[in-house]
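Everything below belongs to data06.csv, which stores CSV, C-alpha atoms and all ligand atoms.
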chain,number,residue,atom,x,y,z
A,1,MET,CA,5.9,-8.6,-11.5
A,2,PRO,CA,7.4,-5.9,-9.2
A,3,VAL,CA,8.3,-7.0,-5.7
A,4,VAL,CA,8.4,-4.3,-3.1
A,5,PRO,CA,10.6,-5.2,-0.1
A,6,VAL,CA,9.3,-4.5,3.4
A,7,SER,CA,11.9,-2.3,5.1
A,8,ASP,CA,11.8,0.6,7.5
A,9,GLU,CA,13.2,2.9,4.7
A,10,ILE,CA,10.4,2.0,2.3
A,11,SER,CA,7.8,2.0,5.0
A,12,ALA,CA,8.7,5.6,5.9
A,13,LYS,CA,7.9,6.7,2.3
A,14,CYS,CA,4.5,4.9,2.2
A,15,ILE,CA,1.7,7.5,2.1
A,16,CYS,CA,-1.1,5.1,3.2
A,17,PRO,CA,-1.3,6.7,6.7
A,18,GLY,CA,-2.6,9.9,5.0
A,19,CYS,CA,-5.1,8.0,2.9
A,20,PRO,CA,-8.8,8.2,3.7
A,21,SER,CA,-9.2,4.5,3.0
A,22,TYR,CA,-6.4,3.5,5.5
A,23,PRO,CA,-8.1,1.6,8.3
A,24,GLY,CA,-5.5,2.4,10.9
A,25,LYS,CA,-4.2,0.1,13.8
A,26,GLU,CA,-1.8,-1.8,11.6
A,27,PRO,CA,1.4,-1.4,9.5
A,28,TRP,CA,0.9,0.1,6.1
A,29,LEU,CA,3.0,-0.7,3.0
A,30,TYR,CA,0.4,-3.0,1.6
A,31,CYS,CA,2.1,-3.2,-1.8
A,32,GLY,CA,4.9,-5.1,0.1
A,33,ARG,CA,3.1,-6.7,3.0
A,34,GLY,CA,-0.1,-7.7,1.2
A,35,LYS,CA,-3.7,-6.9,1.9
A,36,SER,CA,-5.2,-5.9,5.1
A,37,PRO,CA,-7.2,-8.3,7.3
A,38,GLN,CA,-9.5,-5.5,8.0
A,39,GLU,CA,-12.6,-4.4,6.0
A,40,ILE,CA,-11.5,-1.4,3.9
A,41,ASN,CA,-13.9,1.5,3.1
A,42,GLN,CA,-12.6,2.2,-0.4
A,43,VAL,CA,-12.8,6.0,-0.5
A,44,THR,CA,-9.8,6.6,-2.8
A,45,CYS,CA,-6.3,5.3,-3.2
A,46,LEU,CA,-3.2,7.5,-3.0
A,47,CYS,CA,-0.8,4.8,-4.4
A,48,PRO,CA,-0.5,6.3,-7.9
A,49,GLY,CA,1.1,9.5,-6.3
A,50,CYS,CA,3.4,7.5,-4.0
A,51,PRO,CA,7.2,7.6,-4.6
A,52,ILE,CA,7.4,3.9,-4.0
A,53,SER,CA,4.8,3.2,-6.8
A,54,GLU,CA,7.0,5.1,-9.2
A,55,GLU,CA,10.3,3.7,-8.0
A,56,HIS,CA,9.1,0.1,-8.3
A,57,GLY,CA,7.0,0.5,-11.5
A,58,LEU,CA,3.7,-0.4,-9.8
A,59,SER,CA,0.5,0.0,-11.8
A,60,MET,CA,-2.3,-1.1,-9.4
A,61,THR,CA,-4.2,0.6,-6.7
A,62,PHE,CA,-5.9,-0.5,-3.5
A,63,TYR,CA,-3.1,-2.9,-2.4
A,64,CYS,CA,-4.8,-2.9,1.0
A,65,VAL,CA,-7.7,-4.7,-0.6
A,66,GLU,CA,-6.2,-6.5,-3.6
A,67,GLY,CA,-2.8,-7.6,-2.1
A,68,THR,CA,0.6,-7.2,-3.7
A,69,GLU,CA,1.0,-7.2,-7.5
A,70,GLU,CA,2.6,-10.6,-7.6
A,71,SER,CA,-0.1,-12.3,-5.5
B,1,LIG,S1,2.3,2.2,-3.4
B,1,LIG,FE1,0.6,2.4,-1.9
B,1,LIG,S2,0.9,0.7,-0.4
B,1,LIG,FE2,2.8,1.0,-1.6
B,1,LIG,S3,4.1,2.3,-0.4
B,1,LIG,FE3,3.0,3.6,-1.8
B,1,LIG,S4,1.2,4.3,-0.7
B,1,LIG,FE4,2.0,2.5,0.4
B,2,LIG,S1,-3.2,0.9,-0.5
B,2,LIG,FE1,-4.1,2.7,-1.4
B,2,LIG,S2,-6.2,2.7,-0.7
B,2,LIG,FE2,-5.1,1.4,0.7
B,2,LIG,S3,-4.5,2.7,2.4
B,2,LIG,FE3,-2.8,2.7,0.9
B,2,LIG,S4,-3.1,4.5,-0.4
B,2,LIG,FE4,-5.0,4.0,0.7
Let me see whether you can do it: turn the structure in this file into structure tokens.
Amino acid sequence: MPVVPVSDEISAKCICPGCPSYPGKEPWLYCGRGKSPQEINQVTCLCPGCPISEEHGLSMTFYCVEGTEES
């Protein structure tokens, strides 16, 4: 399964901060870091349109709830 490394470069490309489901107050890049400890209001997920999703061949959504693809 794809592994997304946690780096400043990749974090800068993550579009979670613009997502209506993003809970705020914590680092994003959930596909690399794993799921959020916060309760997520699942409005929509922007991951399919994210450049990291394409670059790493990701196929899931809502990493903030589900965790990384390899978990
Ligand atoms: S796929 Fe989703 S969690 Fe991963 S970098 Fe893109 S927006 Fe962030
Ligand atoms: S993982 Fe998806 S649903 Fe969660 S904050 Fe990022 S773009 Fe939004």
ask   = Which residues, written as a PyMOL selection string, have at least one atom at most 10 Å from Tyr63 (chain A), with all atoms listed in the file counted and residues fewer than 2 positions away on the same chain left out?
value = chain A and resi 16+28-36+45+47+60-61+65-69
query = Which residue out of A:Val3, A:Pro37, A:Glu26, A:Cys64 has the minimum interatomic distance to ligand LIG 2 (chain B) when all atoms listed in the file are used?
reply =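 The closest residue to ligand LIG 2 (chain B) is A:Cys64.
One finds CA of Pro5 (chain A) at 19.0 Å from CA of Leu46 (chain A).
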query = For ligand LIG 2 (chain B), which of A:Ile52, A:Cys19, A:Leu58, A:Ala12 is the closest residue, counting all atoms listed in the file?
reply =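 Of A:Ile52, A:Cys19, A:Leu58, A:Ala12, the one nearest ligand LIG 2 (chain B), counting all atoms listed in the file, is A:Cys19.
Shortest separation to ligand LIG 2 (chain B) among A:Pro51, A:Ile15, A:Asp8, A:Ser59 occurs at residue A:Ile15, atoms counted being all atoms listed in the file.
For the pair CA of Gln42 (chain A) and CA of Glu55 (chain A), the interatomic distance is 24.2 Å.
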message = I'd like to know which of A:Gln38, A:Gly49, A:Ile10, A:Phe62 is closest to Lys25 (chain A), using only C-alpha atoms.
response = A:Gln38
query = CA of Glu39 (chain A) to CA of Glu9 (chain A): how many Å, to one decimal?
reply = 26.8 Å
query = Nearest to ligand LIG 2 (chain B) among A:Lys13, A:His56, A:Glu70, A:Gly18, with distances taken over only C-alpha atoms and all ligand atoms: which residue is it?
reply =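 Smallest distance to ligand LIG 2 (chain B) is found for A:Gly18.
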ask   = Which is closer to ligand LIG 1 (chain B) than all the others in A:Pro27, A:Val43, A:Tyr22, A:Cys14, using only C-alpha atoms and all ligand atoms?
value =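 Checking each of A:Pro27, A:Val43, A:Tyr22, A:Cys14 against ligand LIG 1 (chain B), counting only C-alpha atoms and all ligand atoms, the winner is A:Cys14.
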